[in-house]
Amino acid sequence: MKKLVSTLLLLMFATQILAAGDIEKGKLTSYTCTGCHGIKYYMNVYPTYHVPRLGGQNEAYIVSALKAYRSGERSHPTMRAQAGSLSDDDIANIAAYFASLK
Amino acid sequence: MNKIVLIISLLTTGLSFAGGNPVEGKKKVEQVCQSCHGMDGLGINDTYPKLAGQFADYLEKALTDYKSGERKNPIMSGFAASLSEQDIENVAAYYSRLTVDKLHDLSIK
């Protein structure tokens, strides 16, 4: 019984660790993102508006946004192309990194 | 030199006065947005985007797209549909001006 409990506990924590993104890996993967999101007051053209700020953005929201771009549900040509090359792990890592920037 | 100062002041004036009225925006936010995004613009949980300090024109674009149906989200399309263009500018002005725990630019490293 004790063994079962400890195995279950271990599994729970292990899943949590796996589910959360890796900030350091995310930092590396998100280098490309800074080409637009890292340039202060950078503008999207046609239509014209500021490229959104992402530093400190909520983690789960970034995950859903990138997945929506990847699937084409959310349309933006550049973001679709960028997100299209990302794995679920990449997305989780990027989201963890952005959220860590307080 | 004078010309440069003039251009800079024109640009910054443009930035600070662009768009809506944050005081009016606050009233709308109290009615429509705060139950999920909070008056503080931080989001009541992780799945809602943080809006504090986001660019006003980006927020306007997002709301306009939700309103038109170009950007799809079952929750947001309903709320955005209830906002006029002026409301959208005002709400965006409110959230973009919040400074506590606000969003910031990524830095290039």
# chains A, B, ... in the order shown; residues from 1 in each chain; ligands from 1

call {"tool": "closest_atom_pairs", "arguments": {"of": "chain B", "to": "chain A", "cutoff": "6 Å", "atoms": "only C-alpha atoms", "output": "CSV"}}
result
residue,atom,partner,partner_atom,distance
B:Asp46,CA,A:Asn58,CA,5.2
B:Thr47,CA,A:Tyr61,CA,4.6
B:Tyr48,CA,A:Tyr61,CA,5.8
B:Pro49,CA,A:Tyr61,CA,5.5
B:Lys50,CA,A:Gln57,CA,5.7
B:Gln54,CA,A:Arg53,CA,5.9
B:Asp57,CA,A:Tyr49,CA,5.5
B:Tyr58,CA,A:Tyr49,CA,5.7
B:Leu103,CA,A:Gly56,CA,5.4
B:His104,CA,A:Gly55,CA,4.7
B:Asp105,CA,A:Arg53,CA,5.1
B:Leu106,CA,A:Gly38,CA,4.5
B:Ser107,CA,A:Gly38,CA,5.0
B:Ile108,CA,A:Gly38,CA,5.7

call {"tool": "residues_around", "arguments": {"residues": "Ala92 (chain B)", "least_positions_apart": "5", "cutoff": "6 Å", "atoms": "only C-alpha atoms", "output": "NGL selection string"}}
result
:B and (56 or 59-60)

call {"tool": "write_last_selection", "arguments": {"atoms": "C-alpha atoms", "output": "short mmCIF file (atom, residue, chain, number, x, y, z; two decimals), in the first residue's frame"}}
result
data_model
loop_
_atom_site.label_atom_id
_atom_site.label_comp_id
_atom_site.auth_asym_id
_atom_site.auth_seq_id
_atom_site.Cartn_x
_atom_site.Cartn_y
_atom_site.Cartn_z
CA ALA B 56 -3.49 49.75 -27.26
CA LEU B 59 -5.76 45.27 -28.18
CA GLU B 60 -7.98 47.20 -30.58
#

call {"tool": "select_by_dssp", "arguments": {"residues": "chain A", "states": "alpha helix (DSSP H)", "output": "count of residues only"}}
result
63

call {"tool": "residues_around", "arguments": {"residues": "region 74-88 of chain B", "least_positions_apart": "4", "cutoff": "12 Å", "atoms": "only C-alpha atoms", "output": "PDB file with C-alpha atoms, in the first residue's frame"}}
result
ATOM      1  CA  GLY B  19      -6.861  56.202 -29.346  1.00  0.00           C
ATOM      2  CA  GLY B  20      -9.488  56.061 -26.656  1.00  0.00           C
ATOM      3  CA  ASN B  21     -10.358  57.463 -23.293  1.00  0.00           C
ATOM      4  CA  PRO B  22      -9.090  55.331 -20.400  1.00  0.00           C
ATOM      5  CA  VAL B  23     -11.601  56.783 -17.924  1.00  0.00           C
ATOM      6  CA  GLU B  24     -14.528  55.752 -20.113  1.00  0.00           C
ATOM      7  CA  GLY B  25     -12.710  52.500 -20.811  1.00  0.00           C
ATOM      8  CA  LYS B  26     -12.546  51.709 -17.105  1.00  0.00           C
ATOM      9  CA  LYS B  27     -16.353  51.861 -16.866  1.00  0.00           C
ATOM     10  CA  LYS B  28     -16.707  49.353 -19.698  1.00  0.00           C
ATOM     11  CA  VAL B  29     -14.024  47.108 -18.258  1.00  0.00           C
ATOM     12  CA  GLN B  31     -19.068  45.839 -16.817  1.00  0.00           C
ATOM     13  CA  VAL B  32     -17.647  43.574 -19.490  1.00  0.00           C
ATOM     14  CA  CYS B  33     -14.020  42.506 -19.190  1.00  0.00           C
ATOM     15  CA  GLN B  34     -13.067  42.317 -15.539  1.00  0.00           C
ATOM     16  CA  SER B  35     -14.730  39.013 -14.664  1.00  0.00           C
ATOM     17  CA  CYS B  36     -12.018  37.220 -16.653  1.00  0.00           C
ATOM     18  CA  HIS B  37      -9.224  39.733 -17.273  1.00  0.00           C
ATOM     19  CA  TYR B  48      -6.534  34.322 -19.939  1.00  0.00           C
ATOM     20  CA  PRO B  49      -4.032  36.679 -21.494  1.00  0.00           C
ATOM     21  CA  ALA B  56      -3.492  49.749 -27.260  1.00  0.00           C
ATOM     22  CA  ASP B  57      -3.526  49.295 -31.027  1.00  0.00           C
ATOM     23  CA  TYR B  58      -2.885  45.560 -30.666  1.00  0.00           C
ATOM     24  CA  LEU B  59      -5.760  45.266 -28.180  1.00  0.00           C
ATOM     25  CA  GLU B  60      -7.985  47.204 -30.576  1.00  0.00           C
ATOM     26  CA  LYS B  61      -6.995  44.881 -33.404  1.00  0.00           C
ATOM     27  CA  ALA B  62      -7.758  41.793 -31.271  1.00  0.00           C
ATOM     28  CA  LEU B  63     -11.165  43.108 -30.200  1.00  0.00           C
ATOM     29  CA  THR B  64     -12.046  44.202 -33.729  1.00  0.00           C
ATOM     30  CA  ASP B  65     -11.129  40.752 -35.046  1.00  0.00           C
ATOM     31  CA  TYR B  66     -13.232  39.045 -32.373  1.00  0.00           C
ATOM     32  CA  LYS B  67     -16.121  41.368 -33.206  1.00  0.00           C
ATOM     33  CA  SER B  68     -15.889  40.658 -36.942  1.00  0.00           C
ATOM     34  CA  GLY B  69     -15.418  36.922 -36.400  1.00  0.00           C
ATOM     35  CA  GLU B  70     -11.992  36.907 -38.057  1.00  0.00           C
ATOM     36  CA  ALA B  92      -7.752  49.317 -25.002  1.00  0.00           C
ATOM     37  CA  ALA B  93      -6.683  52.709 -23.639  1.00  0.00           C
ATOM     38  CA  TYR B  94      -7.515  51.561 -20.100  1.00  0.00           C
ATOM     39  CA  TYR B  95      -5.646  48.249 -20.167  1.00  0.00           C
ATOM     40  CA  SER B  96      -2.654  49.581 -22.079  1.00  0.00           C
TER      41      SER B  96
END

call {"tool": "residues_around", "arguments": {"residues": "Asp22 (chain A)", "least_positions_apart": "6", "cutoff": "8 Å", "atoms": "only C-alpha atoms", "output": "short mmCIF file (atom, residue, chain, number, x, y, z; two decimals) with N, CA and C atoms, in the first residue's frame"}}
result
data_model
loop_
_atom_site.label_atom_id
_atom_site.label_comp_id
_atom_site.auth_asym_id
_atom_site.auth_seq_id
_atom_site.Cartn_x
_atom_site.Cartn_y
_atom_site.Cartn_z
N ALA A 92 5.57 24.58 -25.12
CA ALA A 92 5.54 24.62 -23.65
C ALA A 92 6.77 25.35 -23.10
N ASN A 93 7.91 25.10 -23.72
CA ASN A 93 9.15 25.74 -23.26
C ASN A 93 9.13 27.26 -23.49
N ILE A 94 8.69 27.64 -24.67
CA ILE A 94 8.61 29.07 -25.00
C ILE A 94 7.67 29.77 -24.02
N ALA A 96 6.82 28.87 -21.03
CA ALA A 96 7.42 28.93 -19.69
C ALA A 96 8.43 30.07 -19.62
N TYR A 97 9.20 30.24 -20.69
CA TYR A 97 10.21 31.30 -20.71
C TYR A 97 9.55 32.69 -20.69
#

call {"tool": "atom_distance", "arguments": {"atom1": "CA of Asp88 (chain A)", "atom2": "CA of Ser71 (chain A)"}}
result
12.0 Å

call {"tool": "select_by_dssp", "arguments": {"residues": "chain A", "states": "strand (DSSP E)", "output": "count of residues only"}}
result
4

call {"tool": "atom_distance", "arguments": {"atom1": "CA of Pro77 (chain A)", "atom2": "CA of Tyr46 (chain A)"}}
result
11.6 Å

call {"tool": "atom_distance", "arguments": {"atom1": "CA of Ala83 (chain A)", "atom2": "CA of Ser100 (chain A)"}}
result
20.0 Å
